[in-house]
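Novice: One structure is given below, represented as structure tokens, and several questions about it will come after.
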Amino acid sequence: MSAPTIIAIAGPSGSGKSLFAQTLCEELRGEAPGLPLALIKEDAYYRDQTHLSFAEREVVNYDHPQAIEQDLLAEQLNRLRSGEPIEVPVYDYAQHTRSDRTVTVEPARVIVVEGILLLTNKALREAFDMRFYMDTALDVCLLRRIQRDVRERGRTLESVIKQYEATVRPMYQEFIAPSSRHADMVITRGGRNRVALDVVRTMVLGQHGADT
């Protein structure tokens, strides 16, 4: 049996990372139903903030690399590579902190990780076998973020725009956009880029076809 392949899908918030990662996993399951897969979201690794008041949590810069426990994510990915199960944190967006629950993720042949800051940390970059960066225009990202945060997370339009101006755009310019130079491939046109999906799927199946 071949070694696991750990894949990073990075890029700005609203760039199509989640759609690309989910579509990739669905198509791999459909074409290779015997191939064990795992999908992990970087958002789960936002730091525990129970020591802060709710008001203090609301003003934390969640787009800065320090907001993510990147070392824990890197450590757990390496444990999966070694064949050990991990306990992935569960983040409570309503409370702006981790819940007291975790989700067990078993070792898999293909592990897809998606998140905005995956390529900003050297130890984390080294945990990946394939690194992809979703390059989507910021105005498109903002519109998608507004739709998601208002519909799914109960945010107001004003609060989403305020956060975008205060932290999302500055952190994109300082950390996320420069991290694209660490990608093996930059993907344009969002999560529905058919050519990119076919290329990545073919690469993965080429490594693990004998395992299915």
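Ligands are numbered from 1 in the order shown, residues from 1 within each chain, and chains are lettered A, B, ... in the order they appear in the structure tokens.
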Need the shell around A:Ser179: protein/DNA/RNA residues with any atom at most 9 Å away, counting only C-alpha atoms. Skip same-chain ones fewer than 5 positions apart. Format as JSON, numbers by chain?

Specialist: {"A": [10, 11, 117, 118, 119, 120, 121, 133]}

Novice: Wanna dump the stretch 98-164 of chain A-stretch 71-79 of chain A contacts at 12 Å for me, each residue with its shortest atom pair and the distance in Å to one decimal, counting only C-alpha atoms, ordered by chain and number, as a Markdown table?

Specialist:
| residue | atom | partner | partner_atom | distance |
| --- | --- | --- | --- | --- |
| A:Thr104 | CA | A:Gln76 | CA | 11.3 |
| A:Val105 | CA | A:Gln76 | CA | 9.8 |
| A:Glu106 | CA | A:Arg79 | CA | 10.1 |
| A:Pro107 | CA | A:Arg79 | CA | 8.4 |
| A:Ala108 | CA | A:Leu77 | CA | 10.7 |
| A:Val110 | CA | A:Leu77 | CA | 11.4 |
| A:Ile111 | CA | A:Leu77 | CA | 8.6 |
| A:Val112 | CA | A:Leu77 | CA | 10.3 |
| A:Val113 | CA | A:Leu77 | CA | 9.4 |
| A:Glu114 | CA | A:Leu73 | CA | 11.6 |
| A:Gly115 | CA | A:Leu73 | CA | 11.4 |
| A:Leu117 | CA | A:Leu73 | CA | 11.5 |
| A:Leu118 | CA | A:Leu73 | CA | 9.5 |
| A:Leu119 | CA | A:Ala74 | CA | 11.4 |
| A:Thr120 | CA | A:Asp71 | CA | 11.7 |
| A:Asn121 | CA | A:Asp71 | CA | 8.6 |
| A:Lys122 | CA | A:Ala74 | CA | 9.6 |
| A:Ala123 | CA | A:Ala74 | CA | 6.5 |
| A:Leu124 | CA | A:Ala74 | CA | 4.9 |
| A:Arg125 | CA | A:Ala74 | CA | 8.3 |
| A:Glu126 | CA | A:Ala74 | CA | 8.4 |
| A:Ala127 | CA | A:Ala74 | CA | 6.2 |
| A:Phe128 | CA | A:Leu77 | CA | 8.4 |
| A:Asp129 | CA | A:Leu77 | CA | 11.1 |

Novice: Run DSSP on the backbone and give me the residues of stretch 14-202 of chain A it puts in strand (DSSP E or B), as a PyMOL selection string.

Specialist: chain A and resi 37-41+46+68+86-92+97-105+110-115+130-135+185-188

Novice: Pull the closest atom pair for each residue of stretch 25-74 of chain A that gets at most 12 Å from stretch 144-165 of chain A, along with the distance in Å to one decimal, counting only C-alpha atoms, ordering rows by chain and then ascending residue number, as a tab-separated table.

Specialist:
residue	atom	partner	partner_atom	distance
A:Glu58	CA	A:Gln163	CA	10.1
A:Val59	CA	A:Gln163	CA	8.9
A:Val60	CA	A:Gln163	CA	10.1
A:Asn61	CA	A:Gln163	CA	8.7
A:Tyr62	CA	A:Gln163	CA	9.4
A:Asp63	CA	A:Tyr164	CA	9.6

Novice: Filtering to N, CA, C and O atoms, could you give me those residues as a compact mmCIF listing (two decimals), in the first residue's frame?

Specialist:
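Output file result_33.txt is given in full below:
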# COMPACT_ATOMS: atom_id res chain seq x y z
N GLU A 58 -14.63 38.96 20.05
CA GLU A 58 -15.20 39.57 18.85
C GLU A 58 -14.20 40.44 18.09
O GLU A 58 -14.35 40.65 16.89
N VAL A 59 -13.16 40.93 18.78
CA VAL A 59 -12.23 41.84 18.12
C VAL A 59 -10.89 41.16 17.79
O VAL A 59 -9.95 41.82 17.33
N VAL A 60 -10.80 39.85 17.99
CA VAL A 60 -9.59 39.12 17.63
C VAL A 60 -9.42 39.14 16.11
O VAL A 60 -10.39 39.06 15.36
N ASN A 61 -8.17 39.24 15.66
CA ASN A 61 -7.87 39.20 14.23
C ASN A 61 -7.80 37.74 13.78
O ASN A 61 -6.77 37.09 13.91
N TYR A 62 -8.90 37.23 13.24
CA TYR A 62 -8.99 35.82 12.86
C TYR A 62 -8.32 35.52 11.51
O TYR A 62 -8.28 34.36 11.10
N ASP A 63 -7.80 36.53 10.86
CA ASP A 63 -7.13 36.32 9.58
C ASP A 63 -5.62 36.36 9.70
O ASP A 63 -4.92 36.27 8.70

Novice: Tell me, as JSON, numbers by chain, which residues lie within 12 Å of A:Leu35, counting only C-alpha atoms; anything in the same chain fewer than 2 positions away does not count.

Specialist: {"A": [1, 2, 4, 5, 25, 26, 27, 28, 29, 30, 31, 32, 33, 37, 38, 107, 108, 109, 110, 111, 204, 205, 207, 208, 209, 210, 211, 212]}

Novice: Determine, counting only C-alpha atoms, which protein, DNA and RNA residues have an atom within 6 Å of an atom of stretch 185-189 of chain A; residues of the same chain fewer than 2 positions away are not included. Present the result as a PyMOL selection string.

Specialist: chain A and resi 132-135+183+193

Novice: Near A:Glu69, within 10 Å and counting only C-alpha atoms, which residues show up once chain neighbours fewer than 2 positions away are dropped, as a ChimeraX atom specification?

Specialist: /A:42-48,65-67,71-74
